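Student: So that you have it, the file is protein-v9.txt, and it contains compact mmCIF, C-alpha atoms and all ligand atoms:
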```txt
# COMPACT_ATOMS: atom_id res chain seq x y z
CA MET A 282 127.04 11.28 99.83
CA ARG A 283 127.51 8.43 102.31
CA MET A 284 124.86 5.82 101.81
CA LYS A 285 123.98 3.11 104.27
CA GLU A 286 123.36 -0.45 103.11
CA CYS A 287 120.06 -1.77 104.47
CA LEU A 288 118.99 -5.41 104.63
CA SER A 289 115.62 -7.02 104.41
CA TYR A 290 114.23 -10.43 105.31
CA ASP A 291 115.24 -12.20 102.10
CA ASP A 292 118.81 -10.87 102.27
CA VAL A 293 119.65 -12.94 105.33
CA LEU A 294 119.42 -16.37 106.93
CA LEU A 295 120.20 -17.65 110.40
CA ALA A 296 123.08 -20.09 110.68
CA PRO A 297 121.93 -23.34 112.35
CA GLN A 298 123.69 -24.00 115.66
CA TYR A 299 124.30 -26.91 118.00
CA SER A 300 121.07 -27.72 119.82
CA ASP A 301 120.22 -29.92 122.81
CA ILE A 302 116.50 -29.26 122.46
CA VAL A 303 114.79 -32.60 122.05
CA SER A 304 111.21 -31.42 121.68
CA ARG A 305 109.79 -28.15 120.37
CA LYS A 306 107.69 -28.07 123.56
CA GLU A 307 110.86 -27.17 125.49
CA VAL A 308 110.89 -23.82 123.69
CA SER A 309 109.03 -20.97 125.42
CA LEU A 310 107.76 -18.09 123.30
CA LYS A 311 106.72 -15.93 126.25
CA SER A 312 107.08 -12.20 125.76
CA ASP A 313 106.11 -9.11 127.78
CA LEU A 314 104.04 -6.09 127.00
CA ARG A 315 104.50 -4.75 130.45
CA PRO A 316 102.86 -5.50 132.82
CA PHE A 317 101.25 -8.27 130.76
CA GLU A 318 102.90 -11.52 129.72
CA PHE A 319 101.89 -13.41 126.56
CA ASP A 320 102.56 -17.02 125.56
CA LEU A 321 102.70 -16.21 121.85
CA PRO A 322 104.59 -13.12 120.63
CA VAL A 323 102.04 -12.35 117.94
CA ILE A 324 99.74 -9.31 117.68
CA SER A 325 97.03 -8.86 115.06
CA SER A 326 97.06 -5.50 113.24
CA PRO A 327 94.57 -2.76 114.08
CA MET A 328 93.03 -2.82 110.59
CA ASP A 329 89.35 -3.01 109.66
CA THR A 330 89.92 -6.23 107.71
CA VAL A 331 91.97 -7.87 110.49
CA THR A 332 90.93 -7.09 114.08
CA GLY A 333 87.46 -6.69 115.55
CA ALA A 334 86.11 -8.33 118.71
CA SER A 335 86.09 -11.84 117.28
CA MET A 336 89.77 -11.72 116.21
CA ALA A 337 90.75 -10.10 119.53
CA ASN A 338 89.09 -12.97 121.41
CA ALA A 339 90.73 -15.62 119.24
CA MET A 340 94.17 -13.99 119.56
CA SER A 341 93.76 -13.97 123.31
CA GLU A 342 92.65 -17.62 123.43
CA ASN A 343 95.81 -18.50 121.51
CA GLY A 344 98.14 -16.59 123.82
CA GLY A 345 98.61 -13.49 121.65
CA LEU A 346 96.93 -10.08 121.43
CA GLY A 347 94.49 -8.42 119.02
CA ILE A 348 94.24 -4.64 118.74
CA ILE A 349 90.75 -3.44 117.88
CA HIS A 350 90.89 -1.05 114.92
CA ARG A 351 89.81 2.61 115.11
CA TYR A 352 88.08 2.94 111.75
CA CYS A 353 84.59 3.38 113.13
CA SER A 354 82.73 5.70 115.49
CA VAL A 355 83.87 5.99 119.10
CA ASP A 356 80.70 4.19 120.20
CA GLU A 357 81.24 1.31 117.76
CA GLN A 358 84.81 0.84 118.90
CA ALA A 359 83.83 1.04 122.57
CA LYS A 360 81.20 -1.64 121.88
CA MET A 361 83.81 -3.88 120.25
CA ILE A 362 86.03 -3.47 123.30
CA MET A 363 83.07 -4.26 125.54
CA ASN A 364 82.32 -7.40 123.49
CA SER A 365 85.89 -8.64 123.52
CA GLU A 366 86.85 -11.04 126.24
CA ALA A 367 90.52 -10.83 125.58
CA ARG A 368 92.60 -11.42 128.70
CA VAL A 369 94.11 -8.08 127.73
CA LYS A 370 91.90 -5.61 125.85
CA ALA A 371 93.64 -3.35 123.35
CA ALA A 372 92.34 -0.53 121.16
CA ALA A 373 93.86 1.70 118.50
CA ILE A 374 93.46 5.49 118.50
CA GLY A 375 94.87 8.26 116.29
CA VAL A 376 96.63 11.53 117.20
CA THR A 377 94.09 14.11 116.02
CA GLY A 378 90.34 14.74 116.13
CA ASP A 379 88.48 12.55 118.57
CA TYR A 380 91.53 10.56 119.71
CA HIS A 381 91.35 11.65 123.34
CA GLU A 382 87.61 11.10 123.64
CA ARG A 383 88.15 7.69 121.97
CA ALA A 384 90.89 6.82 124.46
CA LEU A 385 88.63 7.71 127.40
CA ALA A 386 85.74 5.69 125.92
CA VAL A 387 87.74 2.51 125.25
CA VAL A 388 89.54 2.67 128.59
CA ALA A 389 86.14 3.07 130.28
CA MET A 390 85.14 -0.19 128.52
CA GLY A 391 88.19 -1.96 129.90
CA ALA A 392 91.00 -1.33 127.39
CA GLN A 393 94.36 -1.81 129.13
CA VAL A 394 96.49 -1.20 126.03
CA LEU A 395 96.16 1.91 123.85
CA CYS A 396 97.83 1.74 120.46
CA VAL A 397 98.56 5.20 119.03
CA ASP A 398 98.36 4.19 115.41
CA VAL A 399 99.71 6.50 112.71
CA ALA A 400 101.72 5.99 109.53
CA HIS A 401 104.56 8.38 110.47
CA GLY A 402 104.95 8.17 114.21
CA HIS A 403 108.13 10.23 114.56
CA HIS A 404 106.06 13.39 114.47
CA ILE A 405 105.12 16.33 116.66
CA LEU A 406 101.47 15.22 116.71
CA MET A 407 102.60 11.91 118.23
CA LYS A 408 104.63 13.78 120.83
CA ASN A 409 101.62 15.91 121.79
CA ALA A 410 99.29 12.88 121.89
CA LEU A 411 101.64 10.77 124.02
CA GLN A 412 102.18 13.56 126.50
CA GLN A 413 98.44 14.20 126.73
CA LEU A 414 97.66 10.47 127.18
CA ARG A 415 100.24 10.13 129.95
CA GLU A 416 98.77 13.16 131.67
CA THR A 417 95.31 11.61 131.51
CA PHE A 418 96.11 7.99 132.31
CA GLY A 419 99.45 8.10 134.11
CA ASN A 420 100.84 4.57 134.11
CA THR A 421 97.46 2.86 134.36
CA VAL A 422 97.47 1.88 130.67
CA HIS A 423 100.14 0.39 128.43
CA ILE A 424 100.79 2.74 125.52
CA MET A 425 101.95 1.31 122.20
CA ALA A 426 102.93 3.80 119.51
CA GLY A 427 104.29 3.92 115.99
CA ASN A 428 105.29 3.50 113.36
CA VAL A 429 108.95 4.41 113.26
CA ALA A 430 111.83 3.30 111.08
CA THR A 431 114.92 4.63 112.86
CA LEU A 432 116.80 4.59 116.14
CA ALA A 433 116.09 8.31 116.56
CA GLY A 434 112.41 7.52 116.09
CA ILE A 435 112.22 4.75 118.68
CA ASN A 436 114.23 6.79 121.19
CA ASP A 437 112.00 9.84 120.84
CA LEU A 438 108.76 7.86 121.15
CA ALA A 439 110.14 6.12 124.24
CA ASP A 440 111.10 9.51 125.73
CA TRP A 441 107.63 10.88 124.93
CA GLY A 442 106.03 8.09 126.96
CA ALA A 443 105.50 5.00 124.77
CA ASP A 444 105.92 1.57 126.41
CA SER A 445 106.11 -0.37 123.15
CA ILE A 446 106.86 0.77 119.63
CA ARG A 447 105.83 -0.56 116.22
CA CYS A 448 108.83 -0.57 113.94
CA ASN A 449 108.84 -0.51 110.13
CA ILE A 450 107.60 2.06 107.67
CA GLY A 451 106.48 1.12 104.20
CA GLY A 452 107.03 -2.64 104.45
CA GLY A 453 103.47 -3.92 104.76
CA SER A 454 102.07 -6.26 102.12
CA ILE A 455 99.30 -3.78 101.24
CA CYS A 456 101.48 -0.70 101.61
CA SER A 457 102.49 1.68 98.82
CA THR A 458 104.18 4.32 101.02
CA ARG A 459 107.63 3.70 99.55
CA VAL A 460 106.27 3.91 96.00
CA GLN A 461 104.27 7.06 96.71
CA THR A 462 106.80 8.89 98.86
CA GLY A 463 110.22 7.34 98.33
CA HIS A 464 110.52 6.95 102.12
CA GLY A 465 110.95 3.91 104.33
CA LEU A 466 113.63 1.42 105.29
CA PRO A 467 113.85 -2.32 104.61
CA GLY A 468 111.96 -3.95 107.49
CA LEU A 469 114.68 -6.10 108.97
CA GLN A 470 117.18 -3.22 108.97
CA THR A 471 114.71 -1.14 110.96
CA LEU A 472 114.76 -3.89 113.61
CA PHE A 473 118.58 -4.06 113.64
CA ASP A 474 118.69 -0.27 114.10
CA CYS A 475 115.80 0.08 116.58
CA SER A 476 116.95 -2.81 118.76
CA SER A 477 120.18 -0.95 119.51
CA THR A 478 118.12 1.48 121.62
CA ASP A 479 119.15 1.90 125.25
CA ARG A 480 115.57 2.81 126.22
CA ASP A 481 113.46 0.28 128.10
CA VAL A 482 110.84 -0.31 125.39
CA THR A 483 109.19 -3.31 123.79
CA ILE A 484 109.88 -3.68 120.08
CA ILE A 485 107.14 -4.78 117.72
CA ALA A 486 108.11 -5.87 114.21
CA ASP A 487 105.21 -4.67 112.09
CA GLY A 488 104.52 -5.30 108.43
CA GLY A 489 106.13 -7.41 105.74
CA ILE A 490 106.14 -10.66 107.73
CA ARG A 491 105.00 -13.33 105.23
CA THR A 492 106.04 -16.58 106.88
CA SER A 493 106.99 -18.00 110.27
CA GLY A 494 110.57 -17.83 108.97
CA ASP A 495 110.27 -14.04 108.64
CA ALA A 496 108.85 -13.91 112.19
CA VAL A 497 111.86 -15.92 113.43
CA LYS A 498 114.25 -13.49 111.71
CA ALA A 499 112.36 -10.51 113.21
CA LEU A 500 112.66 -11.94 116.74
CA ALA A 501 116.34 -12.72 116.17
CA ALA A 502 116.91 -9.13 115.03
CA GLY A 503 115.55 -7.82 118.35
CA ALA A 504 111.76 -7.76 118.10
CA ASP A 505 109.80 -8.85 121.18
CA PHE A 506 106.59 -9.35 119.17
CA VAL A 507 105.56 -9.57 115.54
CA MET A 508 102.46 -7.79 114.28
CA LEU A 509 100.62 -9.52 111.45
CA GLY A 510 98.11 -8.37 108.87
CA SER A 511 98.24 -10.45 105.69
CA MET A 512 99.12 -13.73 107.45
CA LEU A 513 95.82 -13.54 109.37
CA ALA A 514 93.71 -11.75 106.76
CA GLY A 515 92.03 -14.81 105.26
CA THR A 516 90.86 -16.30 108.54
CA ILE A 517 87.24 -16.64 109.63
CA GLU A 518 87.63 -14.26 112.59
CA THR A 519 88.53 -11.13 110.61
CA PRO A 520 85.89 -8.48 109.99
CA GLY A 521 86.91 -8.54 106.26
CA ARG A 522 84.03 -9.03 103.82
CA VAL A 523 83.64 -12.54 102.35
CA ILE A 524 83.72 -12.56 98.57
CA HIS A 525 82.51 -15.45 96.39
CA THR A 526 84.29 -15.35 93.03
CA THR A 527 82.66 -16.41 89.76
CA GLU A 528 85.09 -19.38 89.70
CA GLY A 529 83.53 -20.61 92.94
CA LYS A 530 86.41 -19.57 95.21
CA VAL A 531 85.83 -17.98 98.62
CA GLN A 532 88.03 -15.00 99.41
CA LYS A 533 88.21 -12.28 102.03
CA LEU A 534 88.81 -8.57 101.59
CA TYR A 535 92.16 -7.27 102.87
CA ARG A 536 93.08 -3.63 102.48
CA GLY A 537 95.57 -1.03 103.63
CA MET A 538 94.01 1.54 105.95
CA ALA A 539 95.45 4.30 103.75
CA SER A 540 94.03 2.71 100.58
CA LYS A 541 91.57 4.68 98.50
CA GLU A 542 88.84 2.14 99.34
CA ALA A 543 89.35 2.37 103.12
CA GLN A 544 89.52 6.18 103.07
CA VAL A 545 86.31 6.47 101.05
CA ASP A 546 84.51 4.08 103.41
CA TRP A 547 85.60 5.83 106.59
CA ARG A 548 85.90 9.47 105.54
CA GLY A 549 83.64 9.60 102.50
CA LYS A 550 86.56 10.89 100.43
CA HIS A 551 90.22 10.17 99.82
CA SER A 552 93.36 12.24 99.73
CA SER A 553 96.64 10.75 98.55
CA PHE A 554 96.63 7.04 99.21
CA GLU A 555 99.46 4.87 100.44
CA GLY A 556 97.90 1.43 100.41
CA VAL A 557 96.07 -1.02 98.21
CA ALA A 558 92.98 -3.23 98.56
CA THR A 559 92.91 -6.86 97.54
CA THR A 560 91.36 -10.21 98.35
CA VAL A 561 93.07 -13.21 99.94
CA PRO A 562 91.98 -16.87 99.96
CA MET A 563 89.81 -17.98 102.87
CA ALA A 564 92.15 -19.62 105.40
CA GLY A 565 89.85 -21.20 108.01
CA PRO A 566 90.04 -20.61 111.77
CA VAL A 567 92.83 -18.36 113.00
CA THR A 568 93.73 -20.97 115.63
CA ASN A 569 95.07 -23.24 112.87
CA VAL A 570 97.09 -20.45 111.28
CA LEU A 571 98.53 -19.46 114.67
CA GLU A 572 99.36 -23.08 115.43
CA ASP A 573 101.49 -23.23 112.26
CA ILE A 574 103.15 -19.94 113.16
CA ARG A 575 103.81 -21.11 116.74
CA ASN A 576 105.34 -24.38 115.53
CA GLY A 577 107.46 -22.58 112.93
CA ILE A 578 108.82 -20.09 115.47
CA ARG A 579 109.52 -22.78 118.08
CA SER A 580 111.32 -24.81 115.48
CA GLY A 581 113.24 -21.70 114.47
CA LEU A 582 114.50 -21.14 118.02
CA SER A 583 115.49 -24.79 118.32
CA TYR A 584 117.67 -24.51 115.15
CA SER A 585 119.70 -21.94 117.08
CA GLY A 586 119.66 -24.06 120.24
CA ALA A 587 117.61 -21.45 122.11
CA ARG A 588 114.83 -22.10 124.64
CA THR A 589 113.63 -18.50 125.05
CA ILE A 590 113.40 -15.42 122.85
CA LYS A 591 116.02 -13.58 124.92
CA GLU A 592 118.44 -16.51 124.64
CA PHE A 593 117.74 -16.65 120.90
CA GLN A 594 118.52 -12.95 120.47
CA ALA A 595 121.83 -13.41 122.25
CA LYS A 596 122.82 -16.45 120.17
CA ALA A 597 121.35 -15.78 116.71
CA CYS A 598 123.94 -15.66 113.96
CA PHE A 599 122.78 -13.86 110.82
CA VAL A 600 124.44 -14.47 107.48
CA ARG A 601 124.01 -12.54 104.26
CA GLN A 602 122.82 -14.52 101.25
CA THR A 603 123.13 -13.77 97.56
CA SER A 604 120.18 -13.83 95.16
CA ALA A 605 121.20 -17.41 94.27
CA GLY A 606 120.89 -18.21 97.98
CA THR A 607 117.46 -16.61 98.12
CA THR A 608 116.30 -18.80 95.22
CA GLU A 609 117.75 -21.90 96.89
CA SER A 610 116.06 -20.96 100.18
CA ALA A 611 112.51 -21.66 98.98
CA PRO A 612 111.18 -24.85 97.34
CA HIS A 613 112.65 -24.57 93.85
CA ILE A 614 111.70 -27.73 92.01
CA LEU A 615 108.85 -25.86 90.34
CA LEU A 616 111.36 -23.45 88.80
CA ARG A 617 113.11 -26.24 86.87
P1 LIG A 701 101.35 -7.06 106.55
O1 LIG A 701 101.39 -7.94 107.76
O2 LIG A 701 102.58 -7.16 105.70
O3 LIG A 701 100.11 -7.30 105.74
O4 LIG A 701 101.33 -5.56 107.06
C1 LIG A 701 100.41 -5.06 108.00
C2 LIG A 701 100.87 -3.70 108.48
O5 LIG A 701 100.84 -2.76 107.38
C3 LIG A 701 99.98 -3.03 109.51
O6 LIG A 701 100.18 -3.52 110.81
C4 LIG A 701 100.36 -1.55 109.37
O7 LIG A 701 101.55 -1.23 110.07
C5 LIG A 701 100.68 -1.44 107.89
N1 LIG A 701 99.59 -0.80 107.12
C6 LIG A 701 98.25 -0.99 107.23
N2 LIG A 701 97.59 -0.29 106.29
C7 LIG A 701 98.51 0.36 105.58
C8 LIG A 701 98.45 1.27 104.47
O8 LIG A 701 97.40 1.56 103.90
N3 LIG A 701 99.63 1.76 104.02
C9 LIG A 701 100.82 1.42 104.60
N4 LIG A 701 100.95 0.56 105.62
C10 LIG A 701 99.79 0.05 106.10
```
Give the structure from the file, written as structure tokens.
Tutor:
Amino acid sequence: MRMKECLSYDDVLLAPQYSDIVSRKEVSLKSDLRPFEFDLPVISSPMDTVTGASMANAMSENGGLGIIHRYCSVDEQAKMIMNSEARVKAAAIGVTGDYHERALAVVAMGAQVLCVDVAHGHHILMKNALQQLRETFGNTVHIMAGNVATLAGINDLADWGADSIRCNIGGGSICSTRVQTGHGLPGLQTLFDCSSTDRDVTIIADGGIRTSGDAVKALAAGADFVMLGSMLAGTIETPGRVIHTTEGKVQKLYRGMASKEAQVDWRGKHSSFEGVATTVPMAGPVTNVLEDIRNGIRSGLSYSGARTIKEFQAKACFVRQTSAGTTESAPHILLR
């Protein structure tokens, strides 16, 4: 059997290149989710411990986008959309049950981006949903869809009507899909593969991004945006429950939407689960976290001498590193 070698974030680095960028401010991080343009290529995940109205507003104020999760009644989600003042309003829907009614309700409340949000997007139910949504809305809404892990997946979703596609299966920090099912692809490889598409689609690197350095690698590999869950999960603006530990620490709940806990909360029961629930330390306002991410990404582009994401993608030079390189690549004095 022929087996393909697949790389993930820690397997690679970007070779520094000659730069004439004097200030990080010269670097533009603008990216398009057509017809909308964003100053920061960061989207917050449609999860019930990441994005409600407050996160959507904060993402918008910081130049990014928040997608309001779908784990609530249609009315509750429509109300969240109504209460969000995001320059661009975005809402997640599924592919079965009330998805069409939900789409109509959130669009009526001003949603301009619909995110068709399922674990395995390369699926006949996705095809049916995308075709139905295009019939209903024509080109009046931007349709994001996913998730996919392969070139065949991104091409099919594009052909079925998606404008932007979330790429990566099984790589999220709270995800146990690969453990449960044996399926998935290392996240960075998915981007290398999906970005070779000849379709005119926006690529969203989703899941497994732990640092601004990972975000830089994702953009270099062809992503137009990164989607973040865990990096934003501790911030004040998430709808995640605040937990005071007996040691006096303040934490926030963060959980996979296919975790047992999330399924029981939203469906009153659980089937097989492909996610976990945990707590993360409180991280303050999301604006501060996004500022660090913005600075890290701008700095990343300047190390390759690039002033825009497109220029960066053309210039970026990936190198493979060994496990010794991976150890050397993080602060290592504490290991001595
Ligand atoms: P993170 O940024 O690494 O924490 O990953 C967040 C991403 O994980 C989300 O945007 C989803 O694509 C994905 N995800 C959310 N919930 C689950 C789950 O329960 N199982 C698998 N993947 C999930």
Student: Show me, as a tab-separated table, the residues of range 395-472 of chain A having an atom within 12 Å of range 525-539 of chain A, each with the closest atom pair and its distance in Å, using all atoms listed in the file.
Tutor:
```
residue	atom	partner	partner_atom	distance
A:Asp398	CA	A:Met538	CA	10.7
A:Val399	CA	A:Met538	CA	10.1
A:Ala400	CA	A:Ala539	CA	8.7
A:Gly451	CA	A:Gly537	CA	11.1
A:Gly452	CA	A:Gly537	CA	11.6
A:Gly453	CA	A:Gly537	CA	8.5
A:Ser454	CA	A:Gly537	CA	8.5
A:Ile455	CA	A:Gly537	CA	5.2
A:Cys456	CA	A:Gly537	CA	6.3
A:Ser457	CA	A:Gly537	CA	8.9
A:Thr458	CA	A:Ala539	CA	9.1
A:Gln461	CA	A:Ala539	CA	11.6
```
Student: May I have the residues within 10 Å of ligand LIG 701 (chain A), computed using all atoms listed in the file, as an NGL selection string?
Tutor: :A and (324-331 or 348 or 398-401 or 427-429 or 447-459 or 485-492 or 507-514 or 535-544 or 554-558)
Student: Closest to Gln594 in chain A among A:Ala372, A:Ala504, A:Val482, A:Val303, using only C-alpha atoms?
Tutor: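 Comparing A:Ala372, A:Ala504, A:Val482, A:Val303 against Gln594 in chain A, the winner is A:Ala504.
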Student: Nearest to Cys287 in chain A among A:Gly586, A:Gly606, A:Gly521, A:Pro467, with distances taken over only C-alpha atoms: which residue is it?
Tutor: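 Smallest distance to Cys287 in chain A is found for A:Pro467.
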Student: Counting all atoms listed in the file, what is within 6 Å of range 418-424 of chain A, bar same-chain residues fewer than 2 positions away, as a compact mmCIF listing (two decimals) with C-alpha atoms, keeping the file's coordinate frame?
Tutor:
```
# COMPACT_ATOMS: atom_id res chain seq x y z
CA GLN A 393 94.36 -1.81 129.13
CA VAL A 394 96.49 -1.20 126.03
CA LEU A 395 96.16 1.91 123.85
CA CYS A 396 97.83 1.74 120.46
CA LEU A 414 97.66 10.47 127.18
CA ARG A 415 100.24 10.13 129.95
CA GLU A 416 98.77 13.16 131.67
CA ALA A 443 105.50 5.00 124.77
CA ASP A 444 105.92 1.57 126.41
```
Student: Kindly indicate which residue among A:Met282, A:Ala496, A:Ala430, A:Val369 lies nearest to Gly577 in chain A, using all atoms listed in the file for the distances.
Tutor: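 Residue with the minimum atom-to-atom distance to Gly577 in chain A: A:Ala496.
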Student: Extract range 352-372 of chain A from the coordinates I pasted, and write it as a compact mmCIF listing (two decimals), in the first residue's frame (atoms kept: N, CA, C and O atoms).
Tutor:
```
# COMPACT_ATOMS: atom_id res chain seq x y z
N TYR A 352 -26.10 25.98 18.96
CA TYR A 352 -26.53 25.03 19.99
C TYR A 352 -27.52 25.67 20.94
O TYR A 352 -27.25 25.88 22.13
N CYS A 353 -28.67 26.01 20.38
CA CYS A 353 -29.75 26.65 21.13
C CYS A 353 -30.96 26.64 20.21
O CYS A 353 -30.85 26.23 19.06
N SER A 354 -32.09 27.14 20.72
CA SER A 354 -33.29 27.15 19.87
C SER A 354 -33.10 28.17 18.75
O SER A 354 -32.24 29.06 18.84
N VAL A 355 -33.91 28.04 17.72
CA VAL A 355 -33.85 29.00 16.60
C VAL A 355 -34.08 30.42 17.12
O VAL A 355 -33.36 31.35 16.76
N ASP A 356 -35.06 30.55 18.02
CA ASP A 356 -35.36 31.89 18.56
C ASP A 356 -34.19 32.48 19.32
O ASP A 356 -33.87 33.67 19.20
N GLU A 357 -33.54 31.62 20.14
CA GLU A 357 -32.39 32.12 20.93
C GLU A 357 -31.25 32.55 20.00
O GLU A 357 -30.61 33.58 20.23
N GLN A 358 -31.02 31.77 18.96
CA GLN A 358 -29.93 32.15 18.05
C GLN A 358 -30.29 33.43 17.28
O GLN A 358 -29.44 34.33 17.14
N ALA A 359 -31.56 33.52 16.86
CA ALA A 359 -31.98 34.73 16.13
C ALA A 359 -31.83 35.95 17.03
O ALA A 359 -31.40 37.02 16.58
N LYS A 360 -32.10 35.78 18.34
CA LYS A 360 -31.96 36.89 19.28
C LYS A 360 -30.48 37.29 19.41
O LYS A 360 -30.15 38.48 19.46
N MET A 361 -29.61 36.28 19.45
CA MET A 361 -28.17 36.61 19.54
C MET A 361 -27.72 37.38 18.30
O MET A 361 -26.94 38.32 18.39
N ILE A 362 -28.23 36.97 17.14
CA ILE A 362 -27.87 37.69 15.91
C ILE A 362 -28.39 39.13 15.99
O ILE A 362 -27.68 40.08 15.67
N MET A 363 -29.63 39.24 16.49
CA MET A 363 -30.23 40.58 16.60
C MET A 363 -29.38 41.45 17.54
O MET A 363 -29.16 42.63 17.29
N ASN A 364 -28.91 40.84 18.63
CA ASN A 364 -28.14 41.62 19.63
C ASN A 364 -26.68 41.83 19.25
O ASN A 364 -25.93 42.46 19.99
N SER A 365 -26.23 41.23 18.15
CA SER A 365 -24.84 41.45 17.78
C SER A 365 -24.78 42.65 16.84
O SER A 365 -25.68 42.87 16.04
N GLU A 366 -23.74 43.43 17.07
CA GLU A 366 -23.59 44.63 16.23
C GLU A 366 -22.40 44.47 15.30
O GLU A 366 -21.82 45.42 14.81
N ALA A 367 -22.05 43.24 15.10
CA ALA A 367 -20.88 42.98 14.25
C ALA A 367 -21.11 43.59 12.90
O ALA A 367 -22.21 43.56 12.37
N ARG A 368 -19.98 44.24 12.38
CA ARG A 368 -20.07 44.83 11.04
C ARG A 368 -20.65 43.79 10.07
O ARG A 368 -21.46 44.09 9.21
N VAL A 369 -20.19 42.54 10.25
CA VAL A 369 -20.75 41.43 9.48
C VAL A 369 -21.32 40.45 10.49
O VAL A 369 -20.64 40.05 11.42
N LYS A 370 -22.59 40.07 10.31
CA LYS A 370 -23.22 39.13 11.25
C LYS A 370 -23.16 37.73 10.65
O LYS A 370 -23.54 37.54 9.49
N ALA A 371 -22.72 36.78 11.47
CA ALA A 371 -22.55 35.41 10.97
C ALA A 371 -23.16 34.41 11.94
O ALA A 371 -23.02 34.54 13.15
N ALA A 372 -23.83 33.39 11.38
CA ALA A 372 -24.49 32.39 12.23
C ALA A 372 -24.24 31.00 11.68
O ALA A 372 -24.22 30.78 10.47
```
